[in-house]
>>> print(open('start06.cif').read())   # mmCIF, C-alpha atoms
data_start
#
loop_
_atom_site.label_atom_id
_atom_site.label_comp_id
_atom_site.auth_asym_id
_atom_site.auth_seq_id
_atom_site.Cartn_x
_atom_site.Cartn_y
_atom_site.Cartn_z
CA MET A 1 -75.90 123.68 -46.89
CA ALA A 2 -74.11 120.40 -46.19
CA PRO A 3 -70.27 120.55 -46.64
CA SER A 4 -70.27 117.73 -49.17
CA ARG A 5 -72.85 119.52 -51.30
CA ARG A 6 -70.82 122.77 -51.14
CA ILE A 7 -67.74 120.85 -52.32
CA VAL A 8 -69.64 119.35 -55.25
CA LEU A 9 -71.05 122.74 -56.28
CA SER A 10 -67.63 124.43 -55.89
CA THR A 11 -65.98 121.73 -57.99
CA ALA A 12 -68.66 122.05 -60.66
CA ALA A 13 -68.30 125.84 -60.70
CA ALA A 14 -64.52 125.54 -61.04
CA GLY A 15 -64.98 123.11 -63.91
CA LEU A 16 -67.32 125.52 -65.70
CA VAL A 17 -64.90 128.40 -65.28
CA THR A 18 -62.03 126.28 -66.63
CA ALA A 19 -64.16 125.07 -69.53
CA ALA A 20 -65.20 128.64 -70.34
CA ALA A 21 -61.56 129.75 -70.33
CA ALA A 22 -60.62 126.84 -72.57
CA ASN A 23 -63.44 127.64 -74.95
CA ALA A 24 -62.36 131.26 -75.09
CA GLN A 25 -58.83 130.11 -75.86
CA THR A 26 -59.93 127.77 -78.67
CA THR A 27 -62.25 130.33 -80.27
CA GLY A 28 -60.31 133.52 -79.63
CA GLN A 29 -60.91 136.37 -81.99
CA GLY A 30 -58.37 136.79 -84.75
CA SER A 31 -56.99 133.27 -84.56
CA PRO A 32 -58.25 129.78 -85.39
CA PRO A 33 -59.27 127.53 -82.48
CA GLN A 34 -56.71 125.17 -81.04
CA PRO A 35 -57.14 121.82 -79.21
CA MET A 36 -55.89 123.28 -75.96
CA ARG A 37 -56.94 124.18 -72.46
CA PRO A 38 -54.70 125.44 -69.65
CA GLY A 39 -51.92 122.93 -69.11
CA ARG A 40 -53.27 120.46 -71.69
CA GLY A 41 -53.09 119.87 -75.43
CA GLY A 42 -51.17 121.82 -78.03
CA THR A 43 -51.53 123.53 -81.38
CA ASP A 44 -52.77 121.69 -84.44
CA PRO A 45 -50.46 122.45 -87.40
CA GLY A 46 -52.98 121.06 -89.91
CA PRO A 47 -54.27 120.34 -92.48
CA ARG A 48 -57.49 121.44 -90.79
CA ASN A 49 -61.21 122.03 -91.33
CA ILE A 50 -61.67 125.09 -89.15
CA PRO A 51 -65.41 125.70 -89.82
CA ILE A 52 -66.20 122.14 -88.66
CA GLU A 53 -63.93 122.51 -85.63
CA MET A 54 -65.70 125.71 -84.62
CA GLN A 55 -69.08 123.96 -84.88
CA ASN A 56 -67.86 121.29 -82.45
CA PRO A 57 -65.86 123.15 -79.77
CA ASP A 58 -66.44 120.55 -77.03
CA ILE A 59 -65.15 117.80 -79.33
CA PHE A 60 -62.18 119.76 -80.65
CA ALA A 61 -61.16 120.98 -77.18
CA PRO A 62 -63.02 118.80 -74.65
CA PRO A 63 -63.82 120.34 -71.25
CA PRO A 64 -61.96 118.95 -68.21
CA THR A 65 -65.18 117.28 -67.02
CA ASP A 66 -65.04 114.85 -69.99
CA HIS A 67 -64.12 111.26 -69.17
CA GLY A 68 -63.46 108.59 -71.79
CA THR A 69 -64.74 108.57 -75.35
CA VAL A 70 -68.30 109.62 -76.15
CA ALA A 71 -69.92 108.14 -79.26
CA ASN A 72 -70.57 110.58 -82.08
CA LEU A 73 -74.08 111.94 -81.52
CA LYS A 74 -74.60 113.76 -84.82
CA PHE A 75 -73.94 113.45 -88.53
CA PRO A 76 -74.82 116.27 -90.98
CA PHE A 77 -77.02 115.60 -94.00
CA SER A 78 -74.60 117.86 -95.90
CA ALA A 79 -71.97 115.10 -95.56
CA SER A 80 -74.35 112.39 -96.84
CA HIS A 81 -74.22 111.00 -100.36
CA MET A 82 -76.78 112.65 -102.67
CA ARG A 83 -78.85 110.41 -104.94
CA LEU A 84 -79.84 112.58 -107.91
CA GLU A 85 -82.90 111.59 -109.95
CA ARG A 86 -84.87 113.18 -112.78
CA GLY A 87 -87.61 114.28 -110.40
CA GLY A 88 -85.55 115.36 -107.39
CA TRP A 89 -82.94 114.08 -104.93
CA THR A 90 -82.56 112.22 -101.66
CA ARG A 91 -79.92 111.65 -98.98
CA GLN A 92 -79.95 109.64 -95.78
CA VAL A 93 -78.33 109.21 -92.37
CA THR A 94 -78.56 105.72 -90.87
CA GLU A 95 -76.52 103.68 -88.40
CA ARG A 96 -74.00 103.24 -91.22
CA GLU A 97 -73.17 106.94 -90.98
CA LEU A 98 -74.12 107.49 -87.32
CA GLY A 99 -73.25 104.30 -85.50
CA ILE A 100 -75.09 105.17 -82.29
CA SER A 101 -78.43 105.45 -84.13
CA LYS A 102 -79.64 101.86 -83.87
CA GLU A 103 -83.37 102.53 -83.70
CA ILE A 104 -84.01 105.38 -86.14
CA ALA A 105 -82.80 106.46 -89.58
CA GLY A 106 -83.41 109.74 -91.39
CA VAL A 107 -83.93 110.69 -95.04
CA ASP A 108 -84.02 114.20 -96.52
CA MET A 109 -85.90 114.23 -99.84
CA ARG A 110 -86.69 116.88 -102.46
CA LEU A 111 -89.32 116.42 -105.17
CA ASN A 112 -89.57 118.86 -108.06
CA THR A 113 -92.98 120.10 -109.18
CA GLY A 114 -94.73 117.02 -110.57
CA GLY A 115 -91.90 114.72 -109.45
CA VAL A 116 -93.14 111.43 -107.98
CA ARG A 117 -91.61 109.14 -105.39
CA GLU A 118 -92.83 105.90 -106.90
CA LEU A 119 -95.40 103.82 -105.02
CA HIS A 120 -93.35 101.60 -102.70
CA TRP A 121 -93.36 99.91 -99.31
CA HIS A 122 -90.87 98.76 -96.68
CA LYS A 123 -90.62 96.91 -93.37
CA ALA A 124 -89.99 100.05 -91.31
CA ALA A 125 -92.69 102.56 -90.40
CA GLU A 126 -92.28 106.02 -91.97
CA TRP A 127 -92.86 109.33 -90.14
CA ALA A 128 -92.43 112.61 -92.02
CA TYR A 129 -92.22 116.36 -91.41
CA MET A 130 -92.81 118.77 -94.30
CA LEU A 131 -89.97 121.32 -94.54
CA TYR A 132 -90.87 123.16 -97.74
CA GLY A 133 -93.59 123.39 -100.36
CA ARG A 134 -96.56 121.10 -100.86
CA ALA A 135 -97.03 117.42 -101.67
CA ARG A 136 -99.81 114.95 -102.42
CA ILE A 137 -99.48 111.69 -100.50
CA THR A 138 -101.40 108.50 -101.26
CA ALA A 139 -101.59 105.06 -99.65
CA VAL A 140 -103.63 101.88 -99.54
CA ASP A 141 -103.72 99.52 -96.57
CA GLN A 142 -103.77 95.71 -96.40
CA ASP A 143 -107.58 95.72 -96.61
CA GLY A 144 -107.71 97.87 -99.72
CA ARG A 145 -108.78 100.98 -97.82
CA ASN A 146 -107.70 104.23 -99.47
CA PHE A 147 -105.88 107.39 -98.35
CA VAL A 148 -105.01 110.59 -100.23
CA ASP A 149 -104.21 114.06 -98.86
CA ASP A 150 -102.28 117.25 -99.57
CA VAL A 151 -99.67 118.34 -97.03
CA GLY A 152 -97.74 121.58 -96.56
CA VAL A 153 -95.03 123.08 -94.37
CA GLY A 154 -95.31 121.85 -90.77
CA ASP A 155 -97.63 118.94 -91.59
CA LEU A 156 -96.78 115.37 -90.63
CA TRP A 157 -97.54 111.97 -92.05
CA TYR A 158 -97.05 108.42 -90.83
CA PHE A 159 -97.25 105.24 -92.90
CA PRO A 160 -97.20 102.00 -90.89
CA LYS A 161 -94.75 99.33 -92.00
CA GLY A 162 -95.82 97.43 -95.10
CA ILE A 163 -98.28 100.10 -96.30
CA PRO A 164 -97.78 100.99 -100.01
CA HIS A 165 -97.53 104.76 -100.48
CA SER A 166 -96.42 107.43 -102.95
CA ILE A 167 -95.55 111.15 -102.81
CA GLN A 168 -95.76 113.83 -105.50
CA GLY A 169 -94.44 117.40 -105.45
CA LEU A 170 -97.09 120.05 -106.12
CA GLU A 171 -97.03 123.60 -107.43
CA PRO A 172 -95.47 126.09 -107.25
CA ASP A 173 -92.06 124.55 -106.48
CA GLY A 174 -92.45 120.95 -105.37
CA CYS A 175 -91.45 120.06 -101.81
CA GLU A 176 -88.78 118.94 -99.35
CA PHE A 177 -89.42 116.77 -96.32
CA LEU A 178 -87.66 114.89 -93.54
CA LEU A 179 -88.44 111.17 -93.22
CA VAL A 180 -87.79 109.21 -90.02
CA PHE A 181 -87.84 105.40 -89.95
CA ASP A 182 -88.07 103.25 -86.82
CA ASP A 183 -85.10 101.10 -87.84
CA GLY A 184 -81.51 102.39 -87.80
CA SER A 185 -80.45 99.98 -90.55
CA PHE A 186 -83.15 101.19 -92.98
CA SER A 187 -81.96 102.08 -96.49
CA GLU A 188 -83.89 104.33 -98.86
CA ASP A 189 -82.11 102.52 -101.71
CA ASN A 190 -83.67 99.16 -100.80
CA THR A 191 -87.39 99.90 -100.69
CA PHE A 192 -89.72 97.61 -102.67
CA LEU A 193 -91.01 99.54 -105.68
CA LEU A 194 -94.24 98.97 -107.58
CA SER A 195 -92.13 98.53 -110.72
CA ASP A 196 -90.18 95.79 -108.89
CA TRP A 197 -93.43 93.97 -108.24
CA PHE A 198 -94.61 94.29 -111.86
CA ARG A 199 -91.28 92.98 -113.13
CA HIS A 200 -91.49 89.88 -110.91
CA VAL A 201 -95.11 88.90 -111.63
CA PRO A 202 -95.91 87.04 -114.92
CA PRO A 203 -98.01 89.10 -117.40
CA GLU A 204 -100.78 86.48 -117.43
CA VAL A 205 -101.14 86.79 -113.66
CA LEU A 206 -101.23 90.59 -113.89
CA GLY A 207 -103.83 90.40 -116.67
CA LYS A 208 -106.05 88.13 -114.60
CA ASN A 209 -105.64 90.32 -111.52
CA PHE A 210 -106.56 93.55 -113.32
CA GLY A 211 -109.12 92.02 -115.70
CA VAL A 212 -107.32 93.13 -118.88
CA PRO A 213 -105.36 91.27 -121.60
CA ALA A 214 -101.95 89.96 -120.48
CA SER A 215 -100.46 91.70 -123.52
CA ASN A 216 -100.95 95.00 -121.69
CA PHE A 217 -98.04 93.99 -119.46
CA GLY A 218 -94.44 92.90 -119.94
CA ASN A 219 -93.01 96.32 -120.84
CA THR A 220 -92.60 97.76 -117.36
CA PRO A 221 -89.60 100.14 -117.14
CA ASP A 222 -86.62 98.96 -115.14
CA PRO A 223 -87.01 100.05 -111.48
CA SER A 224 -83.75 101.99 -111.74
CA GLU A 225 -85.51 104.29 -114.26
CA LEU A 226 -88.26 105.22 -111.82
CA TYR A 227 -87.84 105.58 -108.02
CA ILE A 228 -88.20 109.38 -108.29
CA PHE A 229 -89.50 110.03 -111.78
CA PHE A 230 -90.45 113.08 -113.81
CA PRO A 231 -92.17 114.73 -115.56
CA LEU A 232 -95.72 113.86 -114.63
CA PRO A 233 -98.70 116.22 -114.81
CA VAL A 234 -99.33 118.06 -111.56
CA PRO A 235 -102.60 116.64 -110.20
CA GLY A 236 -105.71 118.78 -109.99
CA ALA A 237 -107.86 119.40 -106.97
CA LEU A 238 -107.62 116.87 -104.17
CA ALA A 239 -111.21 115.80 -104.69
CA SER A 240 -110.37 114.69 -108.23
CA ASP A 241 -107.86 112.15 -106.87
CA ARG A 242 -110.24 110.61 -104.38
CA ILE A 243 -111.67 107.29 -105.54
CA ALA A 244 -115.46 107.34 -105.55
CA GLY A 245 -116.85 104.64 -103.30
CA ALA A 246 -113.46 103.68 -101.84
CA THR A 247 -113.37 102.93 -98.12
CA PRO A 248 -111.03 105.34 -96.29
CA VAL A 249 -108.39 104.13 -93.84
CA PRO A 250 -109.75 104.09 -90.26
CA ASN A 251 -107.04 106.46 -88.95
CA THR A 252 -105.77 109.24 -91.19
CA PHE A 253 -102.09 109.03 -92.12
CA SER A 254 -101.59 112.84 -91.99
CA HIS A 255 -101.61 115.36 -89.14
CA ARG A 256 -101.82 119.17 -89.09
CA LEU A 257 -99.20 120.01 -86.50
CA MET A 258 -99.59 123.80 -86.63
CA ALA A 259 -103.37 123.52 -86.19
CA GLN A 260 -102.74 121.79 -82.86
CA ASP A 261 -103.06 124.00 -79.78
CA PRO A 262 -99.64 124.26 -78.08
CA ILE A 263 -99.00 123.68 -74.41
CA ARG A 264 -97.99 127.08 -73.04
CA THR A 265 -95.82 127.68 -69.97
CA ARG A 266 -93.93 130.65 -68.55
CA GLY A 267 -90.81 129.41 -70.32
CA GLY A 268 -92.33 128.91 -73.77
CA SER A 269 -94.64 126.56 -75.64
CA VAL A 270 -94.53 123.06 -77.12
CA ARG A 271 -96.64 120.86 -79.38
CA ILE A 272 -96.52 117.14 -78.64
CA VAL A 273 -97.67 114.58 -81.21
CA ASP A 274 -98.08 110.94 -80.28
CA SER A 275 -100.64 108.18 -80.71
CA LYS A 276 -103.10 110.05 -78.45
CA ASN A 277 -103.67 112.85 -80.96
CA PHE A 278 -102.27 111.13 -84.08
CA PRO A 279 -103.56 107.56 -83.65
CA ALA A 280 -101.86 106.15 -86.76
CA SER A 281 -98.40 107.05 -85.40
CA VAL A 282 -97.83 104.15 -83.04
CA THR A 283 -94.01 103.91 -83.05
CA ILE A 284 -92.80 107.52 -83.33
CA ALA A 285 -93.69 110.57 -81.19
CA PHE A 286 -92.64 114.18 -81.73
CA LYS A 287 -92.48 117.50 -79.94
#
>>> encode(input="start06.cif", output="structure tokens")
Amino acid sequence: MAPSRRIVLSTAAAGLVTAAAANAQTTGQGSPPQPMRPGRGGTDPGPRNIPIEMQNPDIFAPPPTDHGTVANLKFPFSASHMRLERGGWTRQVTERELGISKEIAGVDMRLNTGGVRELHWHKAAEWAYMLYGRARITAVDQDGRNFVDDVGVGDLWYFPKGIPHSIQGLEPDGCEFLLVFDDGSFSEDNTFLLSDWFRHVPPEVLGKNFGVPASNFGNTPDPSELYIFFPLPVPGALASDRIAGATPVPNTFSHRLMAQDPIRTRGGSVRIVDSKNFPASVTIAFK
């Protein structure tokens, strides 16, 4: 082995040993961690949040190999503001909370049984992973083509930007899902709701569009009363929600991840989802 390479490996090994010793010192049994390593730092007299410090040992007591300041690379949903609605709740992490996240934002949402995330649309594409329960998702594209499906734990969906869509929690206990948007500045509080649209269009125009008397309109609830609303009857079988004669979207907006054969290696297995096996998902891939 070349001398220079031996020096690099020896230096790296020494750094790992020092870091391990520092980590042992900060997380020693019977005492709270301290921002110290041999010859550096000192005790922290407090006030302190020890559980958080123990979750971030390399931030609280950085290893000697650290150089400069590294941007925060994580932000817990548990520290995000909860928006509580009659039909469930939602919370989000965007570049406002996690400054380094310029290209994606995340939303954690819970819908009670029968709770509905109102039909809405936005400029960012929406990718989702089902964490719990079951949901019915619906959408219509710019050509009036229809989509409706039921999704469960491990399933994905993807709605391209500008596509109106809605989500409803199903029996027995609604659902929870993670949403990912391809824009770090996205805000779940600023989506364009169907009730917004109804409130901004004159009743006579709505009447002409739907072929009914204009008097049928003009009493739309304020959008702040909907968003996630409840209670609504839990829908019946999926077939009953499909519109007879409607043209389906050319590429399905849902994907059965767990039905996909994994790639198996000696070290484990992985499932990769991108536009090759989920054609609708053109801006977000997953593994």
>>> atom_distance(input="start06.cif", atom1="CA of Phe60 in chain A", atom2="CA of Gly39 in chain A")
15.8 Å
>>> residues_around(input="start06.cif", residues="range 69-80 of chain A", least_positions_apart="6", cutoff="9 Å", atoms="all atoms listed in the file", output="MDAnalysis selection string")
chainID A and resid 91:93 97:101 107:108
>>> write_last_selection(input="start06.cif", atoms="C-alpha atoms", output="PDB file, in the frame of the given file")
ATOM      1  CA  ARG A  91     -79.920 111.650 -98.980  1.00  0.00           C
ATOM      2  CA  GLN A  92     -79.950 109.640 -95.780  1.00  0.00           C
ATOM      3  CA  VAL A  93     -78.330 109.210 -92.370  1.00  0.00           C
ATOM      4  CA  GLU A  97     -73.170 106.940 -90.980  1.00  0.00           C
ATOM      5  CA  LEU A  98     -74.120 107.490 -87.320  1.00  0.00           C
ATOM      6  CA  GLY A  99     -73.250 104.300 -85.500  1.00  0.00           C
ATOM      7  CA  ILE A 100     -75.090 105.170 -82.290  1.00  0.00           C
ATOM      8  CA  SER A 101     -78.430 105.450 -84.130  1.00  0.00           C
ATOM      9  CA  VAL A 107     -83.930 110.690 -95.040  1.00  0.00           C
ATOM     10  CA  ASP A 108     -84.020 114.200 -96.520  1.00  0.00           C
TER      11      ASP A 108
END
>>> resolve_selection(input="start06.cif", expression="the PyMOL selection byres ((chain A and resi 251-257) around 7)", output="NGL selection string")
:A and (154-159 or 249-250 or 258-260 or 278-280)
>>> resolve_selection(input="start06.cif", expression="the PyMOL selection byres ((chain A and resi 88-90) around 6)", output="PyMOL selection string")
chain A and resi 82-87+91+108-112
>>> resolve_selection(input="start06.cif", expression="the PyMOL selection byres ((chain A and resi 180-191) around 8)", output="short mmCIF file (atom, residue, chain, number, x, y, z; two decimals) with C-alpha atoms, in the frame of the given file")
data_model
loop_
_atom_site.label_atom_id
_atom_site.label_comp_id
_atom_site.auth_asym_id
_atom_site.auth_seq_id
_atom_site.Cartn_x
_atom_site.Cartn_y
_atom_site.Cartn_z
CA GLN A 92 -79.95 109.64 -95.78
CA THR A 94 -78.56 105.72 -90.87
CA GLU A 95 -76.52 103.68 -88.40
CA ARG A 96 -74.00 103.24 -91.22
CA SER A 101 -78.43 105.45 -84.13
CA LYS A 102 -79.64 101.86 -83.87
CA GLU A 103 -83.37 102.53 -83.70
CA ILE A 104 -84.01 105.38 -86.14
CA ALA A 105 -82.80 106.46 -89.58
CA GLY A 106 -83.41 109.74 -91.39
CA VAL A 107 -83.93 110.69 -95.04
CA HIS A 120 -93.35 101.60 -102.70
CA TRP A 121 -93.36 99.91 -99.31
CA HIS A 122 -90.87 98.76 -96.68
CA ALA A 124 -89.99 100.05 -91.31
CA ALA A 125 -92.69 102.56 -90.40
CA GLU A 126 -92.28 106.02 -91.97
CA TRP A 127 -92.86 109.33 -90.14
CA ALA A 128 -92.43 112.61 -92.02
CA LEU A 178 -87.66 114.89 -93.54
CA LEU A 179 -88.44 111.17 -93.22
CA PHE A 192 -89.72 97.61 -102.67
CA LEU A 193 -91.01 99.54 -105.68
CA THR A 283 -94.01 103.91 -83.05
CA ILE A 284 -92.80 107.52 -83.33
#
>>> atom_distance(input="start06.cif", atom1="CA of Tyr227 in chain A", atom2="CA of Glu118 in chain A")
5.1 Å
>>> closest_residue(input="start06.cif", among="A:Ala135, A:Gly41, A:Gly236, A:Gly114", to="Pro64 in chain A", atoms="all atoms listed in the file")
A:Gly41
>>> residues_around(input="start06.cif", residues="Phe147 in chain A", least_positions_apart="3", cutoff="6 Å", atoms="all atoms listed in the file", output="PyMOL selection string")
chain A and resi 138-139+248
>>> closest_residue(input="start06.cif", among="A:Val212, A:Leu131, A:Val140, A:Ala61", to="Ile243 in chain A", atoms="only C-alpha atoms")
A:Val140
>>> closest_residue(input="start06.cif", among="A:Pro62, A:Gly245, A:Gly218, A:Pro213", to="Val201 in chain A", atoms="all atoms listed in the file")
A:Gly218
>>> closest_residue(input="start06.cif", among="A:Ser281, A:Ile59, A:Glu204, A:Glu225", to="Lys161 in chain A", atoms="all atoms listed in the file")
A:Ser281
>>> atom_distance(input="start06.cif", atom1="CA of Val151 in chain A", atom2="CA of Arg264 in chain A")
25.6 Å
